[in-house]
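Just below is one structure, and these are the notes that go with it.
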Amino acid sequence: MAKKIVNLLILLPLGIILIIFCVANRQSATLALNPFRPEDQVLSLHAPLFVLLFAALILGLLVGAAVTWFNQGKHRKRARSQSLEAVRWQAEADKHRTRAEQIAGQLPSP
């Protein structure tokens, strides 16, 4: 129920604002990728302004996610090694438990 309220209070107004933004910025804009000759048509993109802005936003999100993923690699590696060590210790404990049960089973009852 709380998730629905959050969706209505935050995501719905945000969606409405984005739609208004897209409608207000339908004009065609040129993105020149050649800094030395901006009039070069080969290295330029013509698209509505909101498309270029959303593309930049998505590209920024992807680059940020990739950088974060690479920076957290050492933590994932440590978690993997600790997980393997925990499995190894669990197997060792099981082996000792089995051995203790065998020894307890061999002892005569008083």
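FYI, nothing fancy with the structure tokens labels: chains A, B, ... in order, residues from 1 per chain, ligands from 1 as they appear.
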
Q. Mind checking DSSP for chain A and telling me the strand (DSSP E) residues as a PyMOL selection string?
A. chain A and resi 28-32+44-48

(Q) Give me, as JSON, numbers by chain, all polymer residues having an atom no more than 7 Å from range 26-37 of chain A, counting only C-alpha atoms and skipping those fewer than 3 positions away in the same chain. (A) {"A": [22, 23, 40, 43, 44, 45, 46, 47, 48, 49, 50]}

Could you dump the residues just selected with N, CA, C and O atoms as an mmCIF file, in the first residue's frame?
data_model
loop_
_atom_site.group_PDB
_atom_site.id
_atom_site.type_symbol
_atom_site.label_atom_id
_atom_site.label_comp_id
_atom_site.auth_asym_id
_atom_site.auth_seq_id
_atom_site.Cartn_x
_atom_site.Cartn_y
_atom_site.Cartn_z
ATOM 1 N N CYS A 22 8.985 17.495 -22.367
ATOM 2 C CA CYS A 22 9.129 16.981 -23.736
ATOM 3 C C CYS A 22 8.305 17.790 -24.725
ATOM 4 O O CYS A 22 8.767 18.087 -25.829
ATOM 5 N N VAL A 23 7.102 18.147 -24.358
ATOM 6 C CA VAL A 23 6.241 18.921 -25.254
ATOM 7 C C VAL A 23 6.813 20.320 -25.459
ATOM 8 O O VAL A 23 6.770 20.860 -26.568
ATOM 9 N N ASP A 40 30.288 20.984 -39.820
ATOM 10 C CA ASP A 40 30.433 19.694 -40.500
ATOM 11 C C ASP A 40 29.185 18.848 -40.269
ATOM 12 O O ASP A 40 28.839 18.539 -39.132
ATOM 13 N N LEU A 43 29.578 14.853 -38.723
ATOM 14 C CA LEU A 43 29.709 14.583 -37.292
ATOM 15 C C LEU A 43 28.745 15.439 -36.468
ATOM 16 O O LEU A 43 29.114 16.041 -35.463
ATOM 17 N N SER A 44 27.515 15.502 -36.897
ATOM 18 C CA SER A 44 26.513 16.246 -36.132
ATOM 19 C C SER A 44 25.207 15.463 -36.117
ATOM 20 O O SER A 44 24.924 14.683 -37.021
ATOM 21 N N LEU A 45 24.458 15.680 -35.073
ATOM 22 C CA LEU A 45 23.165 15.013 -34.915
ATOM 23 C C LEU A 45 22.068 16.070 -34.868
ATOM 24 O O LEU A 45 22.203 17.082 -34.182
ATOM 25 N N HIS A 46 20.986 15.809 -35.584
ATOM 26 C CA HIS A 46 19.822 16.690 -35.543
ATOM 27 C C HIS A 46 18.683 15.913 -34.902
ATOM 28 O O HIS A 46 18.281 14.870 -35.414
ATOM 29 N N ALA A 47 18.200 16.403 -33.770
ATOM 30 C CA ALA A 47 17.120 15.730 -33.058
ATOM 31 C C ALA A 47 16.425 16.755 -32.176
ATOM 32 O O ALA A 47 16.985 17.815 -31.890
ATOM 33 N N PRO A 48 15.215 16.428 -31.730
ATOM 34 C CA PRO A 48 14.571 17.328 -30.761
ATOM 35 C C PRO A 48 15.425 17.437 -29.495
ATOM 36 O O PRO A 48 16.124 16.498 -29.110
ATOM 37 N N LEU A 49 15.356 18.592 -28.865
ATOM 38 C CA LEU A 49 16.209 18.857 -27.700
ATOM 39 C C LEU A 49 15.976 17.853 -26.578
ATOM 40 O O LEU A 49 16.933 17.381 -25.953
ATOM 41 N N PHE A 50 14.730 17.471 -26.322
ATOM 42 C CA PHE A 50 14.481 16.543 -25.219
ATOM 43 C C PHE A 50 15.092 15.174 -25.478
ATOM 44 O O PHE A 50 15.524 14.493 -24.551
#

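Taking only C-alpha atoms, the non-local environment of range 16-18 of chain A within 12 Å (same-chain residues fewer than 5 positions away omitted) comprises Leu8, Leu9, Ile10, Leu11, Val23, Ala24, Asn25, Phe50, Val51, Leu53 and Phe54 of chain A.
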